[in-house]
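The file entry.cif comes next; it holds mmCIF, C-alpha atoms.
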```cif
data_model
#
loop_
_atom_site.label_atom_id
_atom_site.label_comp_id
_atom_site.auth_asym_id
_atom_site.auth_seq_id
_atom_site.Cartn_x
_atom_site.Cartn_y
_atom_site.Cartn_z
CA MET A 547 65.69 107.23 88.17
CA THR A 548 63.16 107.85 90.93
CA ASP A 549 61.66 105.19 93.16
CA ALA A 550 58.49 105.30 91.05
CA GLU A 551 60.53 104.41 87.94
CA ILE A 552 62.34 101.45 89.50
CA PRO A 553 60.95 98.10 88.29
CA ARG A 554 58.73 96.31 90.82
CA PHE A 555 58.41 92.55 91.09
CA THR A 556 55.40 90.91 92.72
CA GLY A 557 53.96 87.44 92.95
CA ASP A 558 55.41 83.95 93.13
CA ALA A 559 58.21 82.80 90.89
CA LEU A 560 57.76 79.45 89.15
CA PRO A 561 58.81 76.39 91.16
CA TYR A 562 62.43 75.38 90.61
CA ALA A 563 62.55 73.24 87.48
CA GLY A 564 66.23 72.25 87.56
CA GLY A 565 69.32 73.68 85.92
CA ASP A 566 70.59 77.14 86.72
CA PRO A 567 68.54 78.38 89.72
CA TYR A 568 69.19 81.99 88.68
CA ALA A 569 67.91 81.52 85.11
CA ASP A 570 64.51 83.01 86.00
CA HIS A 571 65.67 85.35 88.76
CA ARG A 572 64.08 88.77 88.29
CA THR A 573 66.31 91.80 88.66
CA ALA A 574 67.09 95.23 87.19
CA ASP A 575 69.87 97.78 86.81
CA PHE A 576 69.24 99.91 89.88
CA PRO A 577 70.67 103.45 89.69
CA PHE A 578 72.41 103.39 93.08
CA THR A 579 74.40 100.15 93.10
CA HIS A 580 77.65 101.92 92.18
CA LEU A 581 77.66 103.42 95.69
CA VAL A 582 79.14 101.87 98.82
CA ASP A 583 77.22 99.04 100.49
CA LEU A 584 76.92 100.48 103.99
CA ALA A 585 75.82 97.03 105.21
CA ASP A 586 79.03 95.35 104.04
CA ARG A 587 80.44 92.94 106.63
CA ARG A 588 83.93 94.14 105.74
CA LEU A 589 82.98 97.57 107.11
CA GLY A 590 81.71 96.01 110.34
CA ALA A 591 78.00 95.59 109.58
CA GLY A 592 75.98 92.98 111.42
CA VAL A 593 72.46 91.64 111.88
CA ILE A 594 72.32 92.00 115.65
CA ALA A 595 68.82 90.73 116.45
CA ALA A 596 65.68 89.24 114.92
CA ASN A 597 62.38 88.19 116.41
CA ASP A 598 62.44 84.84 114.55
CA GLU A 599 64.96 82.87 112.48
CA PHE A 600 63.46 79.40 112.72
CA PHE A 601 64.33 78.15 109.23
CA ALA A 602 67.42 80.21 108.32
CA GLU A 603 69.60 82.50 110.40
CA ARG A 604 69.55 86.26 110.11
CA GLU A 605 73.31 86.56 109.50
CA ASN A 606 72.85 85.19 105.97
CA LEU A 607 71.35 88.55 104.94
CA LEU A 608 74.78 90.19 104.77
CA LYS A 609 76.83 87.48 103.09
CA PRO A 610 78.80 89.19 100.31
CA GLU A 611 78.26 86.51 97.67
CA PRO A 612 74.95 85.75 95.91
CA ALA A 613 72.65 83.30 97.67
CA VAL A 614 73.12 79.66 96.70
CA PHE A 615 70.44 77.01 96.29
CA ASP A 616 70.69 73.26 96.81
CA PRO A 617 67.30 71.63 96.11
CA GLU A 618 68.26 68.52 98.13
CA HIS A 619 69.60 70.28 101.22
CA PHE A 620 67.22 69.61 104.11
CA GLY A 621 67.67 69.59 107.87
CA HIS A 622 65.57 68.55 110.83
CA LYS A 623 63.58 71.82 110.59
CA GLY A 624 62.95 71.54 106.87
CA LYS A 625 64.48 73.03 103.71
CA ILE A 626 67.75 74.82 104.43
CA MET A 627 67.80 78.21 102.71
CA ASP A 628 70.66 80.66 102.22
CA GLY A 629 68.92 83.69 103.66
CA TRP A 630 66.84 84.80 106.65
CA GLU A 631 63.63 82.80 106.93
CA THR A 632 61.02 82.85 109.68
CA ARG A 633 58.31 80.31 110.53
CA ARG A 634 54.77 80.65 109.19
CA ARG A 635 52.65 82.97 111.30
CA ARG A 636 49.27 81.82 112.57
CA GLY A 637 46.22 83.57 113.97
CA VAL A 638 44.99 83.41 117.53
CA SER A 639 42.34 80.68 117.16
CA ALA A 640 40.59 78.24 114.86
CA ALA A 641 38.03 80.94 114.24
CA GLU A 642 40.80 83.41 113.34
CA PRO A 643 43.57 81.28 111.76
CA HIS A 644 45.24 84.04 109.75
CA PRO A 645 47.77 86.60 111.01
CA THR A 646 46.50 90.14 111.52
CA PRO A 647 47.40 92.92 109.05
CA ASP A 648 49.91 94.28 111.59
CA ASP A 649 51.74 90.99 112.23
CA HIS A 650 55.29 91.00 110.91
CA ASP A 651 58.81 89.75 111.54
CA TRP A 652 61.82 92.02 111.97
CA ALA A 653 65.60 92.09 112.02
CA LEU A 654 67.90 94.81 113.33
CA VAL A 655 70.92 95.71 111.20
CA ARG A 656 73.92 97.72 112.34
CA LEU A 657 75.45 99.49 109.37
CA GLY A 658 79.16 98.96 108.93
CA ALA A 659 79.62 102.67 108.32
CA PRO A 660 77.03 105.31 109.25
CA GLY A 661 75.86 107.23 106.23
CA VAL A 662 73.23 108.67 103.93
CA ILE A 663 71.23 105.91 102.27
CA ARG A 664 70.37 106.28 98.57
CA GLY A 665 68.98 102.84 97.79
CA ILE A 666 68.13 99.46 99.31
CA VAL A 667 67.88 96.04 97.69
CA LEU A 668 66.01 93.20 99.40
CA ASP A 669 66.68 90.11 97.31
CA THR A 670 64.36 87.13 97.70
CA ALA A 671 66.53 84.86 95.54
CA HIS A 672 65.34 81.22 95.74
CA PHE A 673 62.40 82.16 97.94
CA ARG A 674 59.82 81.35 95.30
CA GLY A 675 56.69 80.63 97.31
CA ASN A 676 57.96 81.44 100.81
CA TYR A 677 58.89 85.12 100.48
CA PRO A 678 57.12 87.92 102.42
CA GLN A 679 54.00 89.48 100.99
CA ALA A 680 55.47 92.94 101.64
CA VAL A 681 58.51 94.59 103.20
CA SER A 682 59.27 97.86 104.93
CA VAL A 683 62.50 99.43 106.20
CA GLU A 684 63.11 102.00 108.93
CA GLY A 685 66.29 103.81 109.89
CA ALA A 686 67.61 105.27 113.13
CA SER A 687 70.74 107.09 114.28
CA LEU A 688 72.20 106.18 117.65
CA PRO A 689 75.57 107.05 119.19
CA GLY A 690 78.13 104.52 120.37
CA SER A 691 77.52 100.79 120.29
CA PRO A 692 73.91 100.29 121.43
CA SER A 693 72.50 96.91 122.36
CA PRO A 694 69.34 95.52 120.72
CA ASP A 695 67.38 96.62 123.80
CA ASP A 696 68.76 100.14 123.42
CA ILE A 697 67.76 100.23 119.77
CA LEU A 698 64.25 98.98 120.50
CA ALA A 699 63.68 101.45 123.34
CA PRO A 700 60.44 103.44 122.99
CA ASP A 701 62.24 106.80 122.80
CA VAL A 702 64.29 105.87 119.68
CA LYS A 703 63.19 107.85 116.63
CA TRP A 704 62.65 105.73 113.52
CA THR A 705 62.40 107.18 110.01
CA THR A 706 60.55 105.26 107.30
CA LEU A 707 62.93 104.63 104.39
CA VAL A 708 60.83 102.08 102.52
CA PRO A 709 57.08 102.12 103.23
CA ARG A 710 55.23 98.84 103.35
CA THR A 711 55.48 97.62 99.74
CA PRO A 712 54.54 94.33 98.03
CA VAL A 713 57.51 92.33 96.74
CA GLY A 714 58.05 89.34 94.50
CA GLY A 715 59.55 85.94 95.04
CA HIS A 716 62.97 85.03 93.58
CA ALA A 717 63.58 88.69 92.73
CA ALA A 718 65.88 91.59 93.58
CA ASN A 719 63.48 94.16 95.00
CA GLY A 720 65.07 97.62 94.79
CA PHE A 721 63.98 100.87 96.43
CA ALA A 722 65.34 104.40 96.03
CA VAL A 723 65.59 106.27 99.34
CA ASP A 724 65.11 110.00 99.74
CA ALA A 725 66.14 110.89 103.29
CA GLU A 726 69.00 113.35 103.70
CA GLN A 727 69.96 112.04 107.13
CA ARG A 728 72.75 110.02 108.70
CA PHE A 729 71.69 106.54 109.81
CA THR A 730 73.50 103.95 111.92
CA HIS A 731 70.87 101.17 112.19
CA LEU A 732 68.02 99.70 110.16
CA ARG A 733 64.94 97.70 111.06
CA ILE A 734 63.98 95.31 108.25
CA ASN A 735 60.35 94.22 108.41
CA GLN A 736 58.72 91.42 106.44
CA HIS A 737 54.94 91.25 106.43
CA PRO A 738 53.71 88.88 107.71
CA ASP A 739 56.56 86.34 107.52
CA GLY A 740 58.77 84.50 105.03
CA GLY A 741 62.30 84.74 103.75
CA ILE A 742 64.77 87.28 102.34
CA ALA A 743 68.08 86.08 100.92
CA ARG A 744 70.23 89.21 100.86
CA LEU A 745 70.20 92.84 101.99
CA ARG A 746 72.22 95.59 100.33
CA VAL A 747 72.20 99.21 101.56
CA TYR A 748 73.78 101.64 99.09
CA GLY A 749 74.81 105.16 100.06
CA GLU A 750 77.54 107.55 101.13
CA VAL A 751 79.57 107.20 104.31
CA ALA A 752 79.16 110.07 106.78
CA PRO A 753 82.00 109.69 109.31
CA ASP A 754 82.03 111.11 112.83
CA PRO A 755 84.19 114.28 112.75
CA ALA A 756 85.03 113.94 116.45
CA TRP A 757 86.47 110.46 115.86
CA LEU A 758 88.59 111.58 112.92
CA ALA A 759 89.82 114.60 114.90
CA ALA A 760 90.86 112.32 117.75
CA LEU A 761 92.74 110.06 115.35
CA GLY A 762 94.64 112.99 113.86
CA THR A 763 96.42 110.99 111.17
CA PHE A 764 94.31 108.42 109.32
CA ASP A 765 93.65 106.94 105.88
CA LEU A 766 92.01 109.81 104.00
CA ALA A 767 90.70 107.62 101.17
CA ALA A 768 89.28 104.75 103.23
CA LEU A 769 85.57 104.00 102.79
CA GLU A 770 85.03 103.88 106.55
CA ASN A 771 86.48 107.41 106.88
CA GLY A 772 84.35 108.92 104.11
CA GLY A 773 86.57 108.45 101.07
CA GLN A 774 84.93 107.34 97.85
CA VAL A 775 85.64 106.31 94.28
CA GLU A 776 84.25 108.90 91.88
CA ASP A 777 85.15 107.17 88.63
CA ALA A 778 87.39 104.55 87.07
CA SER A 779 88.49 103.66 83.57
CA ASP A 780 87.62 99.98 83.89
CA ARG A 781 85.61 97.77 86.24
CA PHE A 782 85.67 94.62 84.14
CA TYR A 783 86.83 92.04 86.69
CA SER A 784 86.25 93.78 90.02
CA PRO A 785 85.05 97.13 91.38
CA ALA A 786 87.45 99.99 91.98
CA THR A 787 85.82 100.49 95.39
CA ASN A 788 87.69 97.37 96.56
CA THR A 789 90.88 99.44 96.70
CA ILE A 790 89.63 101.44 99.70
CA GLN A 791 87.98 98.62 101.65
CA PRO A 792 89.25 97.87 105.18
CA GLY A 793 92.18 95.53 105.69
CA ARG A 794 94.50 93.91 103.22
CA SER A 795 93.18 91.96 100.27
CA ARG A 796 92.87 88.22 100.95
CA LYS A 797 92.41 86.98 97.39
CA MET A 798 92.80 88.24 93.85
CA ASP A 799 89.21 89.40 93.28
CA ASP A 800 89.27 91.42 96.51
CA GLY A 801 91.25 94.10 94.69
CA TRP A 802 90.80 95.99 91.42
CA GLU A 803 91.72 94.28 88.14
CA THR A 804 91.14 95.63 84.65
CA ARG A 805 90.81 93.80 81.35
CA ARG A 806 93.90 93.49 79.14
CA ARG A 807 94.52 96.63 77.11
CA ARG A 808 95.19 96.32 73.41
CA ASP A 809 95.79 100.03 72.83
CA ARG A 810 98.46 102.49 74.00
CA GLY A 811 96.42 103.92 76.87
CA ASN A 812 96.36 103.24 80.60
CA ASP A 813 93.87 102.64 83.40
CA TRP A 814 93.04 104.88 86.35
CA ILE A 815 90.83 105.51 89.39
CA ARG A 816 89.73 108.92 90.68
CA TYR A 817 89.00 109.30 94.41
CA ARG A 818 87.36 111.95 96.56
CA LEU A 819 88.93 112.24 100.00
CA ALA A 820 86.91 112.54 103.23
CA ALA A 821 87.43 116.33 103.05
CA GLN A 822 90.24 118.73 102.21
CA SER A 823 93.35 117.11 103.62
CA GLU A 824 97.12 117.08 103.76
CA ILE A 825 98.62 113.80 102.53
CA ARG A 826 101.99 112.76 103.96
CA ALA A 827 102.42 109.08 103.08
CA VAL A 828 101.11 106.59 100.50
CA GLU A 829 100.71 102.82 100.26
CA ILE A 830 100.02 101.03 96.97
CA ASP A 831 99.40 97.34 97.55
CA THR A 832 99.32 94.66 94.84
CA ALA A 833 98.57 91.74 97.22
CA TYR A 834 97.47 88.56 95.38
CA LEU A 835 97.95 90.22 91.99
CA LYS A 836 100.90 88.22 90.71
CA GLY A 837 100.76 87.82 86.93
CA ASN A 838 98.32 90.69 86.53
CA SER A 839 99.50 93.49 88.79
CA ALA A 840 100.02 96.94 87.32
CA GLY A 841 103.48 97.46 85.90
CA TRP A 842 103.86 101.08 87.01
CA ALA A 843 101.76 103.64 88.87
CA SER A 844 101.69 107.39 89.39
CA LEU A 845 99.64 109.61 91.73
CA SER A 846 98.19 113.05 91.07
CA VAL A 847 96.12 115.37 93.27
CA ARG A 848 93.93 118.41 92.95
CA ASP A 849 92.48 120.79 95.52
CA GLY A 850 88.82 121.58 94.81
CA GLU A 851 86.46 120.54 92.06
CA ASP A 852 88.07 122.83 89.49
CA GLY A 853 91.68 122.63 90.63
CA ASP A 854 94.52 121.61 88.35
CA TRP A 855 96.00 118.14 88.65
CA SER A 856 99.59 117.94 89.86
CA GLU A 857 101.75 114.84 90.13
CA ILE A 858 102.99 113.89 93.62
CA LEU A 859 104.35 110.43 92.79
CA PRO A 860 105.99 110.01 89.38
CA ARG A 861 105.53 106.85 87.36
CA THR A 862 107.03 104.17 89.61
CA ARG A 863 107.68 100.48 89.05
CA LEU A 864 105.39 98.17 91.03
CA GLN A 865 106.20 94.61 92.11
CA PRO A 866 103.61 91.82 92.09
CA ASP A 867 102.02 90.78 95.41
CA THR A 868 103.81 93.58 97.29
CA ASN A 869 102.89 96.52 99.51
CA HIS A 870 104.76 99.64 98.34
CA ARG A 871 105.27 102.54 100.79
CA PHE A 872 106.18 106.11 99.91
CA VAL A 873 106.85 109.03 102.26
CA LEU A 874 106.18 112.33 100.50
CA ASP A 875 108.68 115.15 100.68
CA GLY A 876 106.13 117.31 102.51
CA PRO A 877 102.39 117.53 103.19
CA VAL A 878 100.33 117.77 100.00
CA ARG A 879 96.95 119.52 100.17
CA ALA A 880 94.16 117.83 98.21
CA THR A 881 90.48 116.99 97.97
CA HIS A 882 90.85 114.50 95.10
CA VAL A 883 93.47 111.91 94.14
CA ARG A 884 93.98 109.99 90.92
CA ILE A 885 96.05 106.86 90.51
CA ASP A 886 97.16 105.95 87.00
CA ILE A 887 98.40 102.43 86.36
CA PHE A 888 100.43 101.45 83.28
CA PRO A 889 99.47 99.89 81.06
CA ASP A 890 96.73 97.83 82.78
CA GLY A 891 96.32 95.15 85.45
CA GLY A 892 95.42 96.18 88.93
CA ILE A 893 96.14 97.06 92.53
CA SER A 894 94.51 95.66 95.67
CA ARG A 895 94.59 98.68 97.99
CA LEU A 896 95.49 102.37 98.03
CA ARG A 897 96.15 104.07 101.37
CA LEU A 898 96.65 107.83 101.72
CA TYR A 899 97.78 108.82 105.20
CA GLY A 900 97.47 112.34 106.53
CA SER A 901 95.08 114.65 108.35
CA LEU A 902 92.27 117.07 107.62
CA THR A 903 93.04 120.72 107.08
CA GLU A 904 91.22 123.24 109.28
CA ASP A 905 88.86 124.02 106.38
CA GLY A 906 88.32 120.31 105.76
CA ALA A 907 87.49 119.62 109.39
CA ASP A 908 85.07 122.56 109.49
CA ALA A 909 83.29 121.38 106.32
CA LEU A 910 83.01 117.82 107.64
CA ALA A 911 81.59 119.04 110.96
CA ALA A 912 79.05 121.25 109.18
CA ARG A 913 77.91 118.34 107.02
CA HIS A 914 77.60 116.16 110.13
CA ARG A 915 75.30 118.71 111.76
CA GLU A 916 73.27 119.06 108.57
CA LEU A 917 72.64 115.31 108.55
CA GLY A 918 71.45 115.33 112.16
CA GLY A 919 74.65 113.92 113.66
#
```

Mind converting the file's structure to structure tokens?
Amino acid sequence: MTDAEIPRFTGDALPYAGGDPYADHRTADFPFTHLVDLADRRLGAGVIAANDEFFAERENLLKPEPAVFDPEHFGHKGKIMDGWETRRRRGVSAAEPHPTPDDHDWALVRLGAPGVIRGIVLDTAHFRGNYPQAVSVEGASLPGSPSPDDILAPDVKWTTLVPRTPVGGHAANGFAVDAEQRFTHLRINQHPDGGIARLRVYGEVAPDPAWLAALGTFDLAALENGGQVEDASDRFYSPATNTIQPGRSRKMDDGWETRRRRDRGNDWIRYRLAAQSEIRAVEIDTAYLKGNSAGWASLSVRDGEDGDWSEILPRTRLQPDTNHRFVLDGPVRATHVRIDIFPDGGISRLRLYGSLTEDGADALAARHRELGG
């Protein structure tokens, strides 16, 4: 689905009439939402500056849960909204009371993991008559940990990812992005003012090869290091991508849980590693999965897209709410890994420790250069 084919929502939503505030929320099945949210707080993303946040603070943009709405929640500045909301812009005089066409508000977002962006969602949930008339998004790539002043310096190159586009109130406004570059920061613009509830930035992590080389041994499947979930048998209760998020799971739905099987099959996840690697140790964690953890698990690997699968960890009993560690007999070369769980249930995290092969490091460095890194 191209950007031209993605549904567009414009205009006000109806005033809140009571009941479920999401009952009339406008949204669509965007073709990129299966990818990693590069603006996930768990990866280290942050909204590091904004020119205005009078009604609602900028940090709300990256909350992981859907925006909530309490029609009776007011503060001394007015209605309290779960999003980023700026004050109403005004013109320069009584003769010119309206903002100019160029007036706009902005927020700077540091991506949690630098990467190639495939799609962006700016959700104006619950902003029914106080959403921006239009939005635009720009991306930049900067080394290190720049300050807001560094990012706003006149010599920083910005690439337009979403041109100025009208949006709708109380709607998930989605945009496909076609820019084969590596970005570290975004500038979110709302024209001329208003409120946005949530920001999601979907894409593929593009790690820094120099950092991974310095680490030597690292988690080859981790999202922040360029690992990704290619496919999974079941995503009924929670996404398989949770299994390669940073840190340990802190609650049951922070892992991967499948529906109950009523056949004789089993569930599985297939991963692509950061690049060709040698795996030396494995962790399979079932934290917070107590009555629903997988009963057994096995691991298989393949080297290359067309390689044969070979088992490196035979079917092994798993304990509930437990981190299981396995040292392999020797380094195992792979580009892909598959975990099979029996018969169903879930795991919270999978960690695959090792290092890149020489070919893997070369391929990752070449890709980095190709993306402008």

Spatial neighbours of A:Gly749, max dist 6 Å, all atoms listed in the file, sep filter under 6 positions, as an MDAnalysis selection string: chainID A and resid 581:582 662:664

Any chance you could resolve the PyMOL selection byres ((chain A and resi 858) around 9) against this file and give the residues as a list in words? Ser844, Leu845, Ser846, Val847, Ser856, Glu857, Leu859, Pro860, Leu874 and Val878 of chain A

Calculated over all atoms listed in the file, which of the candidates A:Arg674, A:Arg728, A:Arg810, A:His619 has the smallest distance to A:Gly714?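 Nearest to A:Gly714: A:Arg674.
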
Which residues fall under the PyMOL selection byres ((chain A and resi 886) around 9) in this file, as a list in words? Asn812, Asp813, Trp814, Ile815, Arg816, Trp842, Ala843, Ser844, Leu845, Ser846, Arg861, Arg884, Ile885, Ile887, Phe888 and Pro889 of chain A

When distances are computed from all atoms listed in the file, which of A:His571, A:Arg746, A:Arg781, A:Lys703 shows the smallest separation from A:Ala585?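 Distance minimum relative to A:Ala585 lands on A:Arg746.
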
I would like the residues chosen by the PyMOL selection byres ((chain A and resi 754) around 10) on the shown file; could you give them as a ChimeraX atom specification? /A:659-661,689,751-753,755-759,771-772,910-911,914,919

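Note that atom CA of A:Val683 and atom CA of A:Val723 are 10.2 Å apart.
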
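Atom pair atom CA of A:Asp724 / atom CA of A:Thr705 has a distance of 11.0 Å (rounded to one decimal).
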
Can you pull out the residues contacting stretch 715-722 of chain A? Cut-off 7 Å, using all atoms listed in the file, and skip same-chain residues under 5 positions away; I want them as a PDB file with C-alpha atoms, in the frame of the given file.
```pdb
ATOM      1  CA  THR A 548      63.160 107.850  90.930  1.00  0.00           C
ATOM      2  CA  ASP A 549      61.660 105.190  93.160  1.00  0.00           C
ATOM      3  CA  ARG A 554      58.730  96.310  90.820  1.00  0.00           C
ATOM      4  CA  PHE A 555      58.410  92.550  91.090  1.00  0.00           C
ATOM      5  CA  THR A 556      55.400  90.910  92.720  1.00  0.00           C
ATOM      6  CA  GLY A 557      53.960  87.440  92.950  1.00  0.00           C
ATOM      7  CA  ASP A 558      55.410  83.950  93.130  1.00  0.00           C
ATOM      8  CA  ALA A 559      58.210  82.800  90.890  1.00  0.00           C
ATOM      9  CA  HIS A 571      65.670  85.350  88.760  1.00  0.00           C
ATOM     10  CA  ARG A 572      64.080  88.770  88.290  1.00  0.00           C
ATOM     11  CA  THR A 573      66.310  91.800  88.660  1.00  0.00           C
ATOM     12  CA  PHE A 576      69.240  99.910  89.880  1.00  0.00           C
ATOM     13  CA  ARG A 664      70.370 106.280  98.570  1.00  0.00           C
ATOM     14  CA  GLY A 665      68.980 102.840  97.790  1.00  0.00           C
ATOM     15  CA  ILE A 666      68.130  99.460  99.310  1.00  0.00           C
ATOM     16  CA  VAL A 667      67.880  96.040  97.690  1.00  0.00           C
ATOM     17  CA  LEU A 668      66.010  93.200  99.400  1.00  0.00           C
ATOM     18  CA  ASP A 669      66.680  90.110  97.310  1.00  0.00           C
ATOM     19  CA  THR A 670      64.360  87.130  97.700  1.00  0.00           C
ATOM     20  CA  ALA A 671      66.530  84.860  95.540  1.00  0.00           C
ATOM     21  CA  HIS A 672      65.340  81.220  95.740  1.00  0.00           C
ATOM     22  CA  PHE A 673      62.400  82.160  97.940  1.00  0.00           C
ATOM     23  CA  ARG A 674      59.820  81.350  95.300  1.00  0.00           C
ATOM     24  CA  GLY A 675      56.690  80.630  97.310  1.00  0.00           C
ATOM     25  CA  TYR A 677      58.890  85.120 100.480  1.00  0.00           C
ATOM     26  CA  VAL A 708      60.830 102.080 102.520  1.00  0.00           C
TER      27      VAL A 708
END
```

Hey, what's within 9 Å of stretch 734-738 of chain A if we count all atoms listed in the file and toss same-chain stuff fewer than 2 positions away? As a PDB file with C-alpha atoms, in the coordinates of the input, please?
```
ATOM      1  CA  ARG A 634      54.770  80.650 109.190  1.00  0.00           C
ATOM      2  CA  ARG A 635      52.650  82.970 111.300  1.00  0.00           C
ATOM      3  CA  PRO A 645      47.770  86.600 111.010  1.00  0.00           C
ATOM      4  CA  THR A 646      46.500  90.140 111.520  1.00  0.00           C
ATOM      5  CA  PRO A 647      47.400  92.920 109.050  1.00  0.00           C
ATOM      6  CA  ASP A 648      49.910  94.280 111.590  1.00  0.00           C
ATOM      7  CA  ASP A 649      51.740  90.990 112.230  1.00  0.00           C
ATOM      8  CA  HIS A 650      55.290  91.000 110.910  1.00  0.00           C
ATOM      9  CA  ASP A 651      58.810  89.750 111.540  1.00  0.00           C
ATOM     10  CA  TRP A 652      61.820  92.020 111.970  1.00  0.00           C
ATOM     11  CA  ALA A 653      65.600  92.090 112.020  1.00  0.00           C
ATOM     12  CA  LEU A 654      67.900  94.810 113.330  1.00  0.00           C
ATOM     13  CA  VAL A 655      70.920  95.710 111.200  1.00  0.00           C
ATOM     14  CA  TYR A 677      58.890  85.120 100.480  1.00  0.00           C
ATOM     15  CA  PRO A 678      57.120  87.920 102.420  1.00  0.00           C
ATOM     16  CA  GLN A 679      54.000  89.480 100.990  1.00  0.00           C
ATOM     17  CA  ALA A 680      55.470  92.940 101.640  1.00  0.00           C
ATOM     18  CA  VAL A 681      58.510  94.590 103.200  1.00  0.00           C
ATOM     19  CA  SER A 682      59.270  97.860 104.930  1.00  0.00           C
ATOM     20  CA  VAL A 683      62.500  99.430 106.200  1.00  0.00           C
ATOM     21  CA  GLU A 684      63.110 102.000 108.930  1.00  0.00           C
ATOM     22  CA  GLY A 685      66.290 103.810 109.890  1.00  0.00           C
ATOM     23  CA  ARG A 710      55.230  98.840 103.350  1.00  0.00           C
ATOM     24  CA  PRO A 712      54.540  94.330  98.030  1.00  0.00           C
ATOM     25  CA  LEU A 732      68.020  99.700 110.160  1.00  0.00           C
ATOM     26  CA  GLY A 740      58.770  84.500 105.030  1.00  0.00           C
ATOM     27  CA  GLY A 741      62.300  84.740 103.750  1.00  0.00           C
ATOM     28  CA  ILE A 742      64.770  87.280 102.340  1.00  0.00           C
TER      29      ILE A 742
END
```

Rounded to one decimal in Å, what is the spacing between atom CA of A:Ala768 and atom CA of A:Leu898?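 Atom CA of A:Ala768 sits 8.1 Å away from atom CA of A:Leu898.
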
May I ask which of the residues A:Leu902, A:Phe615, A:Val873, A:Asn606 is the closest one to A:Asp566, counting only C-alpha atoms? A:Phe615

Mind running stretch 870-911 of chain A against stretch 792-806 of chain A at 9 Å and telling me each contacting residue's nearest atom pair with the distance in Å (one decimal), counting all atoms listed in the file, chain and number ascending, as a Markdown table?
```
| residue | atom | partner | partner_atom | distance |
| --- | --- | --- | --- | --- |
| A:Pro889 | CA | A:Arg806 | CA | 8.7 |
| A:Asp890 | CA | A:Thr804 | CA | 6.3 |
| A:Gly891 | CA | A:Thr804 | CA | 5.3 |
| A:Gly892 | CA | A:Glu803 | CA | 4.2 |
| A:Ile893 | CA | A:Trp802 | CA | 5.6 |
| A:Ser894 | CA | A:Gly801 | CA | 3.7 |
| A:Arg895 | CA | A:Gly801 | CA | 6.6 |
```

Restricted to C-alpha atoms, what would the selected residues look like written as a CSV table (one decimal), in the coordinates of the input?
```
chain,number,residue,atom,x,y,z
A,889,PRO,CA,99.5,99.9,81.1
A,890,ASP,CA,96.7,97.8,82.8
A,891,GLY,CA,96.3,95.2,85.4
A,892,GLY,CA,95.4,96.2,88.9
A,893,ILE,CA,96.1,97.1,92.5
A,894,SER,CA,94.5,95.7,95.7
A,895,ARG,CA,94.6,98.7,98.0
```

Counting all atoms listed in the file, which residue out of A:Glu770, A:Asp616, A:Asp809, A:Asp852 sits closest to A:Gln791? A:Glu770

Could you please give me, as a PyMOL selection string, the residues of protein, DNA or RNA lying at most 8 Å from (98.6, 104.0, 101.6) in the coordinate frame of the file, considering all atoms listed in the file? chain A and resi 765+827-831+871+895-899

For A:Ser691, the nearest of the candidates A:Ala613, A:Ile594, A:Val713, A:Leu745, counting only C-alpha atoms: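 When distances to A:Ser691 are compared using only C-alpha atoms, the smallest one comes from A:Ile594.
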